[in-house]
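Following: one structure in structure tokens, then a few remarks.
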Amino acid sequence: MKQVTIDPITRLEGHGRIEIFLDDNGNVAEAYWQVPELRGFEKFCEERPAEELPRITPRICGVCPTAHHMASGKTVDDLFGAEPPTSAKKIREFVYNAFMFEDHLLHFFYLGGPDFVVGPKASKAERNILGVLNKVGLEIGSKVIAIRKRARNVIEKQGGKVIHPVCNLPGGVSKPISKKDKEEFTQFAKDAVEFAKFSLKIFDDIVLKNKEYLDIITGDIYRHETYYMGLVDEKNRVNFYDGKIRVVSPTGEEYAKFDVHDYLDYISEHVEPWSYIKFPYLSGIGWKGFSDGKESGIYRVAPLARLNAADGMATPLAQEEYEKMFDTLGKPAHNTLAYHWARLIETLYSAERMLELIKDEEIFDTKVRNLPSKTPSVGIAVVEAPRGTLIHHYETDKKGIIKKVNLLVATLHNAAAIAMSIKKAAKMLIKNGNVDDGILNMVEMAFRAYDPCLACATHSLPGEMPLEVNIRDSSGKIIKVFRR
Amino acid sequence: MITEFEKLKKWEKELHVCIRCGYCYEHCHFFKLSNWETDTPRGKLILIYELIKGKMKPTVNIAEKIFECCYCRNCEKSCSAKVPVTEIFTDAKEALFEAGFDVDGTAAKVDEERCSGCGICVSVCKTEATTLKEKDGKRIASVDKVKCQGCGVCISACPSGARTQKEGYAISPKELLDKVISLLGNA
């Protein structure tokens, strides 16, 4: 039996490995998506004051710290019984949408996009941001960099820092939005809407109008019929900051809609001996192994899942794109690669939502904090991180000192689906022992669509990122090595 | 009132260098006792900063917090920005004392009736906080609350039992003895 190892996998956040076992005929017998990082973050949050956690938990990740900061801020609100004033909620949502906007663009242009923009089987030297710049041109490339820079400036201005922001306090935020920033923020939001539309056009031109790519997206290699989870507002529309968690079945009916405080009634975790990551599943359906379908409790989160789990988008342009996507793919869309499409629709939504919020006079109200009044015991809250539903759960003593922390991060929800997607892609792509760099990249595309953040999922930081693929014969001897 | 705190302005740069990371409180005895932010070195530095900036007025409560420190210096050892925490505390104590806040904190106290004026405490004091003074024709020990770092050596050394320390910080001989007894009792 041959073994193919992709270690570490690239263009994701964190550190992962793919192990593929070939049978004697060179076909895939088994494929594992392993996460060799060890978690430990929850442990060292213990015995610290709860109000410190909005500053500590974002350190889990340098890519999506704002998501942890928001989730943690909302959790300490809940813990101390301090409901933030409306202005504070709107400021948070504004900052958060600026973050979603830049983070989604990061994935499309830097991480996942190269697979499409440059091509799944392009030379590995080309399949990166430089290849993208080469393909789309320097002018567009500098636009991408410029708009992301402006988004990050907005986060920095309002959040205090762009990496690991510090604006959330129990019961509100640290400062109101200054009137003098109004013009800059409004202009940014307008430009963001234009840029998001432009990104969708690029996707349309390069991917959707290319029959080969469209066939890959709609084909069976990257397709799983699973449950979908996402946060929705009172009209069942996508919302990143607040709402109820809604789960729809593979056929599109509502399976559950619940408040985050009840999450333990709906989600259980399965453990496998070959990975540090846990595999959550729907308790009501049960764990049926790595299989899809209505009988399996595996569900998916993140952009496509959010769109599947909602009835629409809350902003007009995003709603148009939402309808267009589902007209093409059917609803719910089960195509893993459609995550890229859904991500861009969400980018447009976040830009439009920023514009809505900054036009609202209430966001400039200077009362941005209510002081905590409750003796703390338990706090639970949820936000939609770029990579999916993010739940923070803290338990404290009556002085507010943390006794227990549970972080159910976005990539964790997708772990089982990613493992399943990798296996399916490997099985369908590797035939008769034919393995090359292009094929292995197409296997990687199966996880990359989810934009996994293993640093978050294991709450640990990644090491260096070389890639080495070892092909071994049945005695374990390396017969071929690919290096990236 | 302002002048005393103006002296502390020399620490302004260091107070800005503090990035509020919180490593200091992980090993702070006083934080572990109360779990209050104002008992952490970080919280005290913020109080001092606010006093310098005139945003807060000094009160007895603030003075008591600043005078509560045993100078174990775990905070300084773990400080990621290398802020001289306890040096700032000493200067802040001095400023508060000059401003008229005469609080006990962790400083050793002298029972003047019991004190025989033997001077053993003077010889063991490592911070030169204790001196002998004449009072009503009698030699008695006197403690400089600003210099005293609350190490407790003089309390152990005093043959007359005239030296005490405010209780409630879980460091006085009586509290430590109670703790030992309770541990032995459990064993």
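We name chains A, B, ... following the order of the structure tokens; residues begin at 1 in each chain, and ligands are numbered from 1 as shown.
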
Next item on the list: Identify, on the basis of only C-alpha atoms, every residue whose closest approach to A:Lys182 does not exceed 12 Å; exclude the query and any residue fewer than 6 positions from it along the same chain; express the result as a ChimeraX atom specification.
Entry: /A:154,157-158,176,188-189,354-355,357-361,363-364

Margin query: Quick check: residues of chain A within 10 Å of chain B, only C-alpha atoms, returned as a list in words.
Written below: Glu47, Arg48, Pro49, Glu52, Arg55, Ile56, Lys399, Gly400 and Ile401 of chain A

Next item on the list: Any chance you could list, as a list of chain:residue names, the residues in stretch 9-63 of chain B that come up alpha helix (DSSP H) when DSSP is run on the backbone?
Entry: B:Glu12, B:Lys13, B:Glu14, B:Leu15, B:His16, B:Val17, B:His29, B:Phe30, B:Phe31, B:Lys32, B:Leu33, B:Ser34, B:Pro41, B:Arg42, B:Gly43, B:Lys44, B:Leu45, B:Ile46, B:Leu47, B:Ile48, B:Tyr49, B:Glu50, B:Leu51, B:Ile52, B:Lys53, B:Val60, B:Asn61, B:Ile62, B:Ala63

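Closest approach to B:Gly152 among B:Cys70, B:Ile88, B:Leu8, B:Lys135 is made by B:Cys70 (distances from only C-alpha atoms).
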
Once you count only C-alpha atoms, what closest atom pair and distance in Å to one decimal does each residue of stretch 184-273 of chain A within 10 Å of stretch 372-383 of chain A have, with rows by chain and rising residue number, as JSON lines?
{"residue": "A:Gly230", "atom": "CA", "partner": "A:Val383", "partner_atom": "CA", "distance": 9.4}
{"residue": "A:Leu231", "atom": "CA", "partner": "A:Val383", "partner_atom": "CA", "distance": 7.4}
{"residue": "A:Asn239", "atom": "CA", "partner": "A:Val383", "partner_atom": "CA", "distance": 8.6}
{"residue": "A:Phe240", "atom": "CA", "partner": "A:Val383", "partner_atom": "CA", "distance": 5.9}
{"residue": "A:Tyr241", "atom": "CA", "partner": "A:Val383", "partner_atom": "CA", "distance": 5.1}
{"residue": "A:Asp242", "atom": "CA", "partner": "A:Val383", "partner_atom": "CA", "distance": 6.2}
{"residue": "A:Gly243", "atom": "CA", "partner": "A:Val383", "partner_atom": "CA", "distance": 8.4}
{"residue": "A:Lys244", "atom": "CA", "partner": "A:Val382", "partner_atom": "CA", "distance": 8.8}
{"residue": "A:Ile245", "atom": "CA", "partner": "A:Val382", "partner_atom": "CA", "distance": 8.6}
{"residue": "A:Asp259", "atom": "CA", "partner": "A:Ala381", "partner_atom": "CA", "distance": 9.2}
{"residue": "A:Val260", "atom": "CA", "partner": "A:Ala381", "partner_atom": "CA", "distance": 6.2}
{"residue": "A:His261", "atom": "CA", "partner": "A:Ile380", "partner_atom": "CA", "distance": 6.0}
{"residue": "A:Asp262", "atom": "CA", "partner": "A:Ile380", "partner_atom": "CA", "distance": 9.3}
{"residue": "A:Tyr263", "atom": "CA", "partner": "A:Ile380", "partner_atom": "CA", "distance": 9.3}

Limited to C-alpha atoms, could you put the picked residues into a file as an mmCIF file, in the first residue's frame?
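For reference, selection31.cif as written:
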data_model
loop_
_atom_site.group_PDB
_atom_site.id
_atom_site.type_symbol
_atom_site.label_atom_id
_atom_site.label_comp_id
_atom_site.auth_asym_id
_atom_site.auth_seq_id
_atom_site.Cartn_x
_atom_site.Cartn_y
_atom_site.Cartn_z
ATOM 1 C CA GLY A 230 -26.054 29.904 10.131
ATOM 2 C CA LEU A 231 -27.119 32.924 12.132
ATOM 3 C CA ASN A 239 -26.733 38.394 9.875
ATOM 4 C CA PHE A 240 -23.145 38.186 11.067
ATOM 5 C CA TYR A 241 -23.457 39.914 14.419
ATOM 6 C CA ASP A 242 -26.668 38.774 16.070
ATOM 7 C CA GLY A 243 -29.716 36.576 15.785
ATOM 8 C CA LYS A 244 -30.791 32.987 16.182
ATOM 9 C CA ILE A 245 -28.973 29.916 14.941
ATOM 10 C CA ASP A 259 -31.035 30.620 20.827
ATOM 11 C CA VAL A 260 -27.315 30.187 21.388
ATOM 12 C CA HIS A 261 -27.903 29.490 25.096
ATOM 13 C CA ASP A 262 -29.385 26.151 24.040
ATOM 14 C CA TYR A 263 -26.510 25.116 21.788
#

Check: What does the distance from atom CA of A:Ile20 to atom CA of A:Val118 come to in Å, to one decimal?
Finding: 25.6 Å

Checklist line | Contacts of A:Asn434 within 10 Å, only C-alpha atoms, excl. fewer than 5 positions in-chain, as a ChimeraX atom specification | finding: /A:26-27,429,439

Could you write out that same residue set with N, CA and C atoms as a compact mmCIF listing (two decimals), in the first residue's frame?
# COMPACT_ATOMS: atom_id res chain seq x y z
N GLY A 26 -3.32 1.33 -6.93
CA GLY A 26 -3.04 2.77 -7.01
C GLY A 26 -4.28 3.62 -6.87
N ASN A 27 -5.37 3.04 -6.40
CA ASN A 27 -6.56 3.85 -6.14
C ASN A 27 -6.65 4.15 -4.65
N LEU A 429 -10.17 11.71 -7.75
CA LEU A 429 -9.14 12.33 -8.58
C LEU A 429 -7.90 11.44 -8.77
N ILE A 439 -3.00 17.36 -9.35
CA ILE A 439 -4.06 16.54 -8.73
C ILE A 439 -4.09 16.78 -7.23
